[in-house]
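Everything below belongs to data19.txt, which stores compact mmCIF, C-alpha atoms.
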# COMPACT_ATOMS: atom_id res chain seq x y z
CA MET A 85 4.43 12.35 24.65
CA VAL A 86 3.87 9.64 27.28
CA ASP A 87 6.43 9.40 30.07
CA LYS A 88 8.22 6.08 30.11
CA HIS A 89 9.54 4.35 33.21
CA VAL A 90 11.53 1.24 33.89
CA PHE A 91 11.22 -0.66 37.18
CA ILE A 92 13.94 -3.04 38.23
CA ILE A 93 12.98 -5.06 41.25
CA ARG A 94 14.95 -7.51 43.34
CA HIS A 95 13.07 -10.59 44.52
CA ALA A 96 11.77 -10.53 48.11
CA LYS A 97 13.53 -12.40 50.90
CA SER A 98 13.86 -16.08 50.16
CA SER A 99 13.97 -19.14 52.33
CA TRP A 100 17.11 -21.22 52.90
CA SER A 101 15.46 -23.74 55.17
CA ASP A 102 15.24 -26.72 52.82
CA PRO A 103 18.71 -27.98 51.89
CA LEU A 104 17.24 -30.22 49.18
CA THR A 105 15.65 -27.37 47.23
CA THR A 106 17.77 -26.08 44.36
CA ASP A 107 18.71 -22.42 44.29
CA HIS A 108 16.36 -21.90 41.33
CA ASP A 109 13.39 -23.31 43.26
CA ARG A 110 13.89 -21.66 46.63
CA PRO A 111 10.60 -20.08 47.75
CA LEU A 112 10.03 -16.77 49.55
CA ASP A 113 10.20 -16.91 53.33
CA ASP A 114 7.64 -15.32 55.66
CA ARG A 115 9.27 -11.90 55.48
CA GLY A 116 9.38 -12.09 51.70
CA LEU A 117 5.72 -13.05 51.51
CA HIS A 118 4.95 -10.11 53.77
CA ASP A 119 7.13 -7.53 51.94
CA ALA A 120 6.29 -8.31 48.31
CA PRO A 121 2.56 -7.40 48.36
CA LYS A 122 3.30 -4.35 50.49
CA MET A 123 5.90 -3.10 48.01
CA ALA A 124 3.53 -3.77 45.10
CA ASP A 125 0.93 -1.62 46.88
CA LEU A 126 3.49 1.08 47.65
CA LEU A 127 4.43 1.42 43.99
CA LYS A 128 0.79 1.66 42.99
CA ARG A 129 0.03 4.20 45.73
CA THR A 130 3.00 6.31 44.63
CA GLY A 131 1.32 6.66 41.27
CA TYR A 132 3.31 4.21 39.17
CA THR A 133 1.61 1.58 37.05
CA ILE A 134 3.34 -1.34 35.38
CA ASP A 135 2.20 -2.45 31.92
CA LYS A 136 4.62 -5.34 31.35
CA ILE A 137 6.23 -7.76 33.80
CA VAL A 138 9.27 -9.83 32.96
CA SER A 139 10.72 -12.03 35.67
CA SER A 140 13.66 -14.31 36.17
CA SER A 141 12.45 -17.89 36.03
CA ALA A 142 13.60 -18.52 39.63
CA ASN A 143 10.76 -19.29 42.03
CA ARG A 144 11.59 -16.42 44.41
CA ALA A 145 11.59 -13.85 41.60
CA ARG A 146 8.44 -15.06 39.87
CA THR A 147 6.54 -15.26 43.17
CA THR A 148 7.56 -11.66 43.91
CA ALA A 149 6.54 -10.64 40.39
CA GLY A 150 3.18 -12.37 40.91
CA PHE A 151 2.21 -9.91 43.66
CA PHE A 152 3.02 -6.93 41.40
CA ALA A 153 1.16 -8.59 38.52
CA GLU A 154 -1.93 -8.96 40.67
CA VAL A 155 -1.91 -5.30 41.73
CA ASN A 156 -1.38 -4.12 38.14
CA GLY A 157 -3.62 -6.63 36.37
CA GLN A 158 -0.75 -8.04 34.32
CA GLU A 159 0.66 -11.44 33.39
CA VAL A 160 4.20 -12.49 34.28
CA THR A 161 6.54 -13.37 31.42
CA LEU A 162 9.40 -15.61 32.55
CA GLU A 163 12.90 -15.06 31.25
CA ARG A 164 15.64 -17.52 32.15
CA SER A 165 18.44 -15.08 31.31
CA LEU A 166 17.42 -12.84 34.24
CA TYR A 167 18.30 -15.65 36.66
CA HIS A 168 21.73 -14.37 37.68
CA GLY A 169 21.39 -11.82 34.92
CA ASP A 170 24.02 -9.15 34.54
CA PRO A 171 23.22 -5.58 33.43
CA GLU A 172 23.73 -6.60 29.80
CA ASP A 173 20.88 -9.13 30.08
CA TYR A 174 18.50 -6.50 31.45
CA LEU A 175 19.44 -4.04 28.71
CA GLU A 176 18.83 -6.71 26.11
CA MET A 177 15.39 -7.45 27.63
CA LEU A 178 14.60 -3.72 27.58
CA SER A 179 15.63 -3.38 23.94
CA LEU A 180 13.23 -6.18 22.99
CA GLN A 181 10.15 -4.39 24.36
CA ASP A 182 7.44 -3.21 22.02
CA ASP A 183 7.05 0.58 21.86
CA SER A 184 3.42 0.24 22.92
CA ILE A 185 4.81 -0.67 26.38
CA HIS A 186 5.60 2.35 28.53
CA ASN A 187 6.34 1.04 32.01
CA PRO A 188 7.98 -2.37 32.03
CA ALA A 189 9.18 -4.04 35.24
CA PHE A 190 11.98 -6.60 35.48
CA PHE A 191 12.37 -8.94 38.45
CA GLY A 192 15.76 -10.41 39.17
CA HIS A 193 18.64 -10.93 41.54
CA ASN A 194 21.75 -9.50 43.08
CA PRO A 195 24.56 -8.77 42.35
CA GLY A 196 23.13 -7.76 38.94
CA ILE A 197 20.53 -5.35 40.34
CA THR A 198 22.95 -3.55 42.64
CA HIS A 199 25.31 -3.31 39.68
CA ILE A 200 22.53 -1.66 37.63
CA ALA A 201 21.76 0.74 40.50
CA ASN A 202 25.38 1.86 40.38
CA ILE A 203 25.25 2.32 36.61
CA VAL A 204 22.11 4.48 36.61
CA SER A 205 22.95 6.56 39.69
CA ASN A 206 25.79 8.96 40.26
CA ASP A 207 26.34 7.66 43.76
CA PHE A 208 27.93 4.52 45.10
CA ILE A 209 25.18 2.12 46.14
CA ASP A 210 26.42 -0.66 48.36
CA ASN A 211 23.43 -2.96 48.15
CA ILE A 212 19.87 -3.08 46.89
CA PRO A 213 18.06 -5.09 49.57
CA THR A 214 15.54 -7.82 48.88
CA CYS A 215 12.33 -6.44 47.33
CA GLY A 216 14.12 -3.15 46.66
CA ILE A 217 12.72 -1.26 43.65
CA LEU A 218 14.68 0.93 41.27
CA VAL A 219 12.45 3.43 39.50
CA CYS A 220 14.03 4.99 36.42
CA SER A 221 12.53 7.42 33.96
CA VAL A 222 13.47 7.19 30.30
CA LYS A 223 14.69 10.22 28.38
CA ASP A 224 12.11 11.62 25.94
CA GLY A 225 11.89 10.09 22.51
CA VAL A 226 14.10 7.07 23.18
CA LYS A 227 12.86 3.87 21.54
CA TRP A 228 13.31 0.63 23.44
CA SER A 229 15.28 -0.84 20.56
CA ASP A 230 17.87 1.95 20.88
CA ILE A 231 18.02 2.18 24.65
CA GLN A 232 21.31 2.53 26.53
CA TRP A 233 21.93 2.88 30.24
CA GLY A 234 22.61 6.58 29.72
CA ASP A 235 18.96 7.01 28.69
CA LEU A 236 17.74 6.02 32.13
CA ILE A 237 17.53 8.45 35.04
CA LEU A 238 17.22 6.97 38.52
CA LYS A 239 14.22 8.62 40.23
CA HIS A 240 13.70 6.54 43.36
CA ILE A 241 14.90 3.53 45.26
CA PHE A 242 12.12 2.06 47.36
CA THR A 243 12.97 -0.52 50.01
CA PRO A 244 10.82 -2.52 52.44
CA LYS A 245 12.58 -0.81 55.36
CA GLN A 246 11.27 2.60 54.24
CA ASN A 247 7.80 1.11 53.83
CA LYS A 248 7.30 0.05 57.46
CA MET B 61 -13.59 -42.16 100.65
CA GLY B 62 -10.75 -44.39 99.43
CA ARG B 63 -7.96 -45.59 101.69
CA PHE B 64 -4.66 -43.75 101.64
CA ASN B 65 -2.10 -45.99 99.91
CA PHE B 66 1.43 -45.07 100.95
CA GLU B 67 3.11 -47.04 98.11
CA THR B 68 0.99 -45.35 95.44
CA TYR B 69 1.72 -41.98 97.01
CA ILE B 70 5.50 -42.61 96.93
CA TYR B 71 5.31 -43.89 93.34
CA THR B 72 3.38 -40.80 92.15
CA GLN B 73 5.74 -38.45 93.94
CA THR B 74 8.79 -40.20 92.44
CA GLU B 75 7.34 -39.99 88.94
CA GLN B 76 6.63 -36.29 89.38
CA MET B 77 10.12 -35.70 90.69
CA LYS B 78 11.57 -37.52 87.67
CA LYS B 79 9.56 -35.25 85.34
CA ILE B 80 10.79 -32.16 87.14
CA ILE B 81 14.42 -33.34 86.91
CA TRP B 82 13.97 -34.05 83.19
CA MET B 83 12.43 -30.63 82.56
CA PHE B 84 15.18 -28.92 84.55
CA SER B 85 17.93 -30.82 82.68
CA TYR B 86 16.31 -29.97 79.35
CA CYS B 87 16.18 -26.26 80.22
CA LEU B 88 19.78 -26.36 81.42
CA ILE B 89 20.97 -27.97 78.16
CA ALA B 90 18.96 -25.49 76.07
CA PHE B 91 20.41 -22.60 78.07
CA ALA B 92 23.97 -23.91 77.70
CA MET B 93 23.48 -24.33 73.95
CA SER B 94 22.11 -20.82 73.54
CA CYS B 95 25.14 -19.43 75.42
CA SER B 96 27.59 -21.29 73.22
CA ASN B 97 25.74 -20.05 70.10
CA SER B 98 25.97 -16.41 71.08
CA ASN B 99 29.60 -16.40 72.21
CA GLY B 100 31.35 -19.33 70.70
CA LYS B 101 31.93 -21.13 67.48
CA TYR B 102 28.45 -20.44 66.04
CA SER B 103 28.79 -16.67 66.22
CA LYS B 104 26.87 -14.73 63.62
CA LEU B 105 28.09 -14.47 60.04
CA GLU B 106 28.80 -10.98 58.80
CA MET B 107 27.66 -11.57 55.22
CA THR B 108 24.15 -12.45 54.11
CA ASN B 109 23.50 -15.83 52.50
CA GLU B 110 23.33 -14.22 49.05
CA GLU B 111 26.66 -12.49 49.62
CA ILE B 112 28.28 -15.74 50.74
CA VAL B 113 26.93 -17.55 47.68
CA ASN B 114 28.44 -14.82 45.52
CA VAL B 115 31.78 -15.20 47.34
CA PHE B 116 31.69 -18.97 46.74
CA VAL B 117 30.94 -18.44 43.05
CA GLN B 118 33.94 -16.14 42.74
CA ILE B 119 36.21 -18.43 44.79
CA TYR B 120 35.27 -21.50 42.75
CA SER B 121 36.02 -19.54 39.60
CA VAL B 122 39.43 -18.32 40.76
CA ASN B 123 40.30 -21.77 42.12
CA ALA B 124 39.63 -23.19 38.67
CA ALA B 125 41.75 -20.42 37.13
CA ASN B 126 44.57 -21.03 39.62
CA GLN B 127 44.78 -24.68 38.58
CA LEU B 128 46.02 -23.44 35.21
CA ASN B 129 48.97 -21.70 36.85
CA ASP B 130 52.36 -23.27 37.39
CA PRO B 131 52.29 -25.08 40.79
CA ALA B 132 55.25 -22.98 41.92
CA VAL B 133 53.21 -19.76 41.83
CA ARG B 134 49.80 -21.07 42.90
CA ASP B 135 50.10 -19.97 46.55
CA SER B 136 51.10 -16.43 45.73
CA MET B 137 48.50 -16.22 42.95
CA ALA B 138 45.84 -17.41 45.42
CA ASN B 139 46.47 -14.23 47.42
CA VAL B 140 46.18 -12.08 44.30
CA TYR B 141 42.93 -13.82 43.34
CA MET B 142 41.57 -13.41 46.87
CA GLU B 143 42.09 -9.65 46.58
CA GLN B 144 40.12 -9.77 43.33
CA VAL B 145 37.31 -11.73 44.98
CA SER B 146 37.25 -9.06 47.68
CA ARG B 147 37.05 -6.27 45.08
CA ILE B 148 34.29 -7.99 43.08
CA THR B 149 32.15 -8.87 46.09
CA GLY B 150 32.80 -5.63 47.99
CA LYS B 151 33.75 -7.59 51.12
CA SER B 152 37.13 -7.39 52.84
CA VAL B 153 39.44 -10.40 52.70
CA MET B 154 39.24 -10.53 56.50
CA THR B 155 35.42 -10.68 56.47
CA ILE B 156 35.45 -13.40 53.82
CA LYS B 157 38.01 -15.52 55.66
CA SER B 158 36.28 -15.02 59.00
CA ASP B 159 32.86 -16.05 57.65
CA LEU B 160 34.29 -19.06 55.82
CA ASP B 161 36.00 -20.16 59.06
CA LYS B 162 32.72 -19.84 60.95
CA LEU B 163 30.93 -21.78 58.23
CA LYS B 164 33.30 -24.72 58.69
CA GLN B 165 31.64 -25.16 62.10
CA MET B 166 28.17 -25.04 60.50
CA PRO B 167 28.16 -27.97 58.04
CA ASP B 168 24.40 -27.77 57.31
CA SER B 169 24.55 -24.10 56.35
CA LEU B 170 27.79 -24.68 54.46
CA TYR B 171 26.15 -27.43 52.42
CA VAL B 172 23.13 -25.26 51.54
CA LEU B 173 25.26 -22.27 50.52
CA GLN B 174 27.72 -24.37 48.52
CA SER B 175 24.82 -26.03 46.70
CA ALA B 176 23.35 -22.63 45.88
CA ALA B 177 26.76 -21.51 44.58
CA LEU B 178 27.03 -24.58 42.36
CA ASP B 179 23.50 -24.00 41.03
CA THR B 180 24.49 -20.43 40.29
CA LEU B 181 27.66 -21.48 38.48
CA ARG B 182 25.66 -24.00 36.47
CA ALA B 183 23.15 -21.29 35.48
CA ILE B 184 25.94 -18.89 34.49
CA TYR B 185 27.66 -21.61 32.50
CA GLU B 186 24.43 -22.54 30.67
CA LYS B 187 23.70 -18.89 29.91
CA ASN B 188 27.17 -18.25 28.54
CA TYR B 189 27.07 -21.51 26.60
CA TYR B 190 23.84 -20.57 24.83
CA LYS B 191 25.03 -17.00 24.23
CA THR B 192 28.22 -18.30 22.61
CA LYS B 193 26.19 -20.76 20.57
CA GLU B 194 23.78 -18.04 19.37
CA GLY B 195 26.75 -15.81 18.54
CA ALA B 196 28.31 -18.59 16.47
CA ASN B 197 25.10 -19.24 14.52

Let's see the structure in the file written out as structure tokens.
Amino acid sequence: MVDKHVFIIRHAKSSWSDPLTTDHDRPLDDRGLHDAPKMADLLKRTGYTIDKIVSSSANRARTTAGFFAEVNGQEVTLERSLYHGDPEDYLEMLSLQDDSIHNPAFFGHNPGITHIANIVSNDFIDNIPTCGILVCSVKDGVKWSDIQWGDLILKHIFTPKQNK
Amino acid sequence: MGRFNFETYIYTQTEQMKKIIWMFSYCLIAFAMSCSNSNGKYSKLEMTNEEIVNVFVQIYSVNAANQLNDPAVRDSMANVYMEQVSRITGKSVMTIKSDLDKLKQMPDSLYVLQSAALDTLRAIYEKNYYKTKEGAN
């Protein structure tokens, strides 16, 4: 049986410099543009591959997802509900995946992602920083259509700070 | 060799002196501004921009809820709601109030963060609207 993983990734650091840009269209700042490709490489080097990428439609999330897509040779699927998505939205996205997909990645925002980190871990997690990656394994035999949070086991949290 | 022209010499020296005074004044102003930024009213915010946006989203929501209350209990309910905002955002009431006070002195940042909060509220509203609509169909 093939091991399944789920990656939940917060967008990299975004820019606040242009007051006329809407929140949805805010781009990554220099640090974000530096961190995102490095984190995509880190995940690949650690031995994880992504075979499906779903991103919030917000510019900062889809730009971050683009770097991971490039490293993994994937396309980015945009999903508006992940913009300010809560854990329920991510679970719904997961349940819609085809069973031929084994390692999907979802790109979104806080506070939703920190909330998910607290659901899948047994510890209190104060904050998932920008470009932080939650790596969860999926219990054997669970179909995406039946998935619940209890089927996910948090394996790693990677952050740009650890990757310096 | 050209003749020494005293008037030209004085003029050049005066112009140079003016430049030096301008440069010195500019540095002095920049220094004074940097001092006031580090110690005074523009002291650093404790929360990140994302955290402040989240606080604004919660505050706007509870403000709207408080408008439904009887005017006689609005002030006391505001305190109750503030505690809830603190619980939801994971930031102490003191931190929230302190950062919001600092932001009042930073109108440009305040505008950007409030706009982001309104965009967020709009997105949440749209999402919930479509969810409700799908549920009804």

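For the pair CA of Val86 in chain A and CA of Lys128 in chain A, the separation is 17.9 Å.
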
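Across the structure, CA of Met123 in chain A and CA of Leu238 in chain A are spaced 17.9 Å apart.
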
Within 12 Å of chain B: each chain A residue with its shortest pair, only C-alpha atoms, as JSON lines:
{"residue": "A:His95", "atom": "CA", "partner": "B:Glu110", "partner_atom": "CA", "distance": 11.8}
{"residue": "A:Lys97", "atom": "CA", "partner": "B:Glu110", "partner_atom": "CA", "distance": 10.1}
{"residue": "A:Ser98", "atom": "CA", "partner": "B:Glu110", "partner_atom": "CA", "distance": 9.7}
{"residue": "A:Ser99", "atom": "CA", "partner": "B:Asn109", "partner_atom": "CA", "distance": 10.1}
{"residue": "A:Trp100", "atom": "CA", "partner": "B:Val172", "partner_atom": "CA", "distance": 7.4}
{"residue": "A:Ser101", "atom": "CA", "partner": "B:Val172", "partner_atom": "CA", "distance": 8.6}
{"residue": "A:Asp102", "atom": "CA", "partner": "B:Val172", "partner_atom": "CA", "distance": 8.1}
{"residue": "A:Pro103", "atom": "CA", "partner": "B:Val172", "partner_atom": "CA", "distance": 5.2}
{"residue": "A:Leu104", "atom": "CA", "partner": "B:Val172", "partner_atom": "CA", "distance": 8.1}
{"residue": "A:Thr105", "atom": "CA", "partner": "B:Val172", "partner_atom": "CA", "distance": 8.9}
{"residue": "A:Thr106", "atom": "CA", "partner": "B:Ala176", "partner_atom": "CA", "distance": 6.7}
{"residue": "A:Asp107", "atom": "CA", "partner": "B:Ala176", "partner_atom": "CA", "distance": 4.9}
{"residue": "A:His108", "atom": "CA", "partner": "B:Asp179", "partner_atom": "CA", "distance": 7.4}
{"residue": "A:Asp109", "atom": "CA", "partner": "B:Ala176", "partner_atom": "CA", "distance": 10.3}
{"residue": "A:Arg110", "atom": "CA", "partner": "B:Ala176", "partner_atom": "CA", "distance": 9.5}
{"residue": "A:Ser140", "atom": "CA", "partner": "B:Ala183", "partner_atom": "CA", "distance": 11.8}
{"residue": "A:Ser141", "atom": "CA", "partner": "B:Ala183", "partner_atom": "CA", "distance": 11.2}
{"residue": "A:Ala142", "atom": "CA", "partner": "B:Ala183", "partner_atom": "CA", "distance": 10.8}
{"residue": "A:Glu163", "atom": "CA", "partner": "B:Lys187", "partner_atom": "CA", "distance": 11.5}
{"residue": "A:Arg164", "atom": "CA", "partner": "B:Lys187", "partner_atom": "CA", "distance": 8.5}
{"residue": "A:Ser165", "atom": "CA", "partner": "B:Lys187", "partner_atom": "CA", "distance": 6.6}
{"residue": "A:Leu166", "atom": "CA", "partner": "B:Lys187", "partner_atom": "CA", "distance": 9.7}
{"residue": "A:Tyr167", "atom": "CA", "partner": "B:Ala183", "partner_atom": "CA", "distance": 7.5}
{"residue": "A:His168", "atom": "CA", "partner": "B:Ile184", "partner_atom": "CA", "distance": 7.0}
{"residue": "A:Gly169", "atom": "CA", "partner": "B:Ile184", "partner_atom": "CA", "distance": 8.4}
{"residue": "A:Asp170", "atom": "CA", "partner": "B:Ile184", "partner_atom": "CA", "distance": 9.9}
{"residue": "A:Glu172", "atom": "CA", "partner": "B:Lys191", "partner_atom": "CA", "distance": 11.9}
{"residue": "A:Asp173", "atom": "CA", "partner": "B:Lys187", "partner_atom": "CA", "distance": 10.2}
{"residue": "A:His193", "atom": "CA", "partner": "B:Glu110", "partner_atom": "CA", "distance": 9.4}
{"residue": "A:Asn194", "atom": "CA", "partner": "B:Glu110", "partner_atom": "CA", "distance": 7.8}
{"residue": "A:Pro195", "atom": "CA", "partner": "B:Asn114", "partner_atom": "CA", "distance": 7.9}
{"residue": "A:Gly196", "atom": "CA", "partner": "B:Asn114", "partner_atom": "CA", "distance": 11.0}
{"residue": "A:Thr198", "atom": "CA", "partner": "B:Thr149", "partner_atom": "CA", "distance": 11.2}
{"residue": "A:His199", "atom": "CA", "partner": "B:Ile148", "partner_atom": "CA", "distance": 10.7}
{"residue": "A:Phe208", "atom": "CA", "partner": "B:Gly150", "partner_atom": "CA", "distance": 11.6}
{"residue": "A:Ile209", "atom": "CA", "partner": "B:Gly150", "partner_atom": "CA", "distance": 11.0}
{"residue": "A:Asp210", "atom": "CA", "partner": "B:Gly150", "partner_atom": "CA", "distance": 8.1}
{"residue": "A:Asn211", "atom": "CA", "partner": "B:Gly150", "partner_atom": "CA", "distance": 9.7}
{"residue": "A:Ile212", "atom": "CA", "partner": "B:Glu110", "partner_atom": "CA", "distance": 11.9}
{"residue": "A:Pro213", "atom": "CA", "partner": "B:Glu110", "partner_atom": "CA", "distance": 10.6}
{"residue": "A:Thr214", "atom": "CA", "partner": "B:Glu110", "partner_atom": "CA", "distance": 10.1}

Can you work out the spacing between CA of Val160 in chain A and CA of Pro188 in chain A in Å, to one decimal?
->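 Result for CA of Val160 in chain A versus CA of Pro188 in chain A: 11.0 Å, one decimal.
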
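Using only C-alpha atoms, the shortest contact distance between Lys157 in chain B and any of B:Gln174, B:Asn129, B:Asn123, B:Asn139 is found at B:Asn139.
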
I'd like the contact shell of Leu178 in chain A - 8 Å cut-off, all atoms listed in the file, skipping same-chain residues fewer than 4 positions apart - returned as a CSV table (one decimal) with C-alpha atoms, keeping the file's coordinate frame.
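Printed below is part_35.csv as written:
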chain,number,residue,atom,x,y,z
A,174,TYR,CA,18.5,-6.5,31.4
A,228,TRP,CA,13.3,0.6,23.4
A,229,SER,CA,15.3,-0.8,20.6
A,231,ILE,CA,18.0,2.2,24.6

Completion of range 164-191 of chain A up to N, CA and C atoms, as an mmCIF file, keeping the file's coordinate frame:
data_model
loop_
_atom_site.group_PDB
_atom_site.id
_atom_site.type_symbol
_atom_site.label_atom_id
_atom_site.label_comp_id
_atom_site.auth_asym_id
_atom_site.auth_seq_id
_atom_site.Cartn_x
_atom_site.Cartn_y
_atom_site.Cartn_z
ATOM 1 N N ARG A 164 14.560 -16.791 31.489
ATOM 2 C CA ARG A 164 15.640 -17.520 32.150
ATOM 3 C C ARG A 164 16.923 -16.685 32.274
ATOM 4 N N SER A 165 17.156 -15.808 31.287
ATOM 5 C CA SER A 165 18.440 -15.080 31.310
ATOM 6 C C SER A 165 18.515 -14.080 32.471
ATOM 7 N N LEU A 166 17.373 -13.756 33.091
ATOM 8 C CA LEU A 166 17.420 -12.840 34.240
ATOM 9 C C LEU A 166 17.799 -13.562 35.531
ATOM 10 N N TYR A 167 17.804 -14.894 35.490
ATOM 11 C CA TYR A 167 18.300 -15.650 36.660
ATOM 12 C C TYR A 167 19.822 -15.492 36.651
ATOM 13 N N HIS A 168 20.318 -14.760 37.643
ATOM 14 C CA HIS A 168 21.730 -14.370 37.680
ATOM 15 C C HIS A 168 22.096 -13.515 36.473
ATOM 16 N N GLY A 169 21.132 -12.698 36.067
ATOM 17 C CA GLY A 169 21.390 -11.820 34.920
ATOM 18 C C GLY A 169 22.345 -10.702 35.281
ATOM 19 N N ASP A 170 23.179 -10.328 34.341
ATOM 20 C CA ASP A 170 24.020 -9.150 34.540
ATOM 21 C C ASP A 170 23.360 -7.971 33.823
ATOM 22 N N PRO A 171 23.876 -6.754 34.031
ATOM 23 C CA PRO A 171 23.220 -5.580 33.430
ATOM 24 C C PRO A 171 22.975 -5.733 31.931
ATOM 25 N N GLU A 172 23.878 -6.387 31.246
ATOM 26 C CA GLU A 172 23.730 -6.600 29.800
ATOM 27 C C GLU A 172 22.426 -7.363 29.468
ATOM 28 N N ASP A 173 22.107 -8.343 30.307
ATOM 29 C CA ASP A 173 20.880 -9.130 30.080
ATOM 30 C C ASP A 173 19.635 -8.263 30.243
ATOM 31 N N TYR A 174 19.661 -7.373 31.229
ATOM 32 C CA TYR A 174 18.500 -6.500 31.450
ATOM 33 C C TYR A 174 18.363 -5.518 30.277
ATOM 34 N N LEU A 175 19.498 -4.997 29.825
ATOM 35 C CA LEU A 175 19.440 -4.040 28.710
ATOM 36 C C LEU A 175 18.909 -4.726 27.457
ATOM 37 N N GLU A 176 19.316 -5.958 27.268
ATOM 38 C CA GLU A 176 18.830 -6.710 26.110
ATOM 39 C C GLU A 176 17.317 -6.917 26.208
ATOM 40 N N MET A 177 16.839 -7.271 27.408
ATOM 41 C CA MET A 177 15.390 -7.450 27.630
ATOM 42 C C MET A 177 14.635 -6.153 27.336
ATOM 43 N N LEU A 178 15.228 -5.030 27.814
ATOM 44 C CA LEU A 178 14.600 -3.720 27.580
ATOM 45 C C LEU A 178 14.501 -3.427 26.082
ATOM 46 N N SER A 179 15.573 -3.724 25.371
ATOM 47 C CA SER A 179 15.630 -3.380 23.940
ATOM 48 C C SER A 179 14.628 -4.218 23.126
ATOM 49 N N LEU A 180 14.167 -5.322 23.714
ATOM 50 C CA LEU A 180 13.230 -6.180 22.990
ATOM 51 C C LEU A 180 11.766 -5.766 23.207
ATOM 52 N N GLN A 181 11.535 -4.765 24.054
ATOM 53 C CA GLN A 181 10.150 -4.390 24.360
ATOM 54 C C GLN A 181 9.501 -3.660 23.183
ATOM 55 N N ASP A 182 8.217 -3.887 23.062
ATOM 56 C CA ASP A 182 7.440 -3.210 22.020
ATOM 57 C C ASP A 182 7.245 -1.747 22.450
ATOM 58 N N ASP A 183 7.184 -0.830 21.485
ATOM 59 C CA ASP A 183 7.050 0.580 21.860
ATOM 60 C C ASP A 183 5.658 0.939 22.384
ATOM 61 N N SER A 184 4.734 -0.010 22.306
ATOM 62 C CA SER A 184 3.420 0.240 22.920
ATOM 63 C C SER A 184 3.490 0.078 24.447
ATOM 64 N N ILE A 185 4.586 -0.511 24.921
ATOM 65 C CA ILE A 185 4.810 -0.670 26.380
ATOM 66 C C ILE A 185 5.503 0.593 26.888
ATOM 67 N N HIS A 186 5.000 1.123 27.988
ATOM 68 C CA HIS A 186 5.600 2.350 28.530
ATOM 69 C C HIS A 186 6.266 2.170 29.885
ATOM 70 N N ASN A 187 5.817 1.186 30.633
ATOM 71 C CA ASN A 187 6.340 1.040 32.010
ATOM 72 C C ASN A 187 6.647 -0.428 32.331
ATOM 73 N N PRO A 188 7.673 -0.964 31.739
ATOM 74 C CA PRO A 188 7.980 -2.370 32.030
ATOM 75 C C PRO A 188 8.706 -2.549 33.372
ATOM 76 N N ALA A 189 8.486 -3.710 33.980
ATOM 77 C CA ALA A 189 9.180 -4.040 35.240
ATOM 78 C C ALA A 189 9.924 -5.354 35.051
ATOM 79 N N PHE A 190 11.130 -5.409 35.605
ATOM 80 C CA PHE A 190 11.980 -6.600 35.480
ATOM 81 C C PHE A 190 12.331 -7.085 36.884
ATOM 82 N N PHE A 191 12.122 -8.360 37.120
ATOM 83 C CA PHE A 191 12.370 -8.940 38.450
ATOM 84 C C PHE A 191 13.571 -9.875 38.393
#
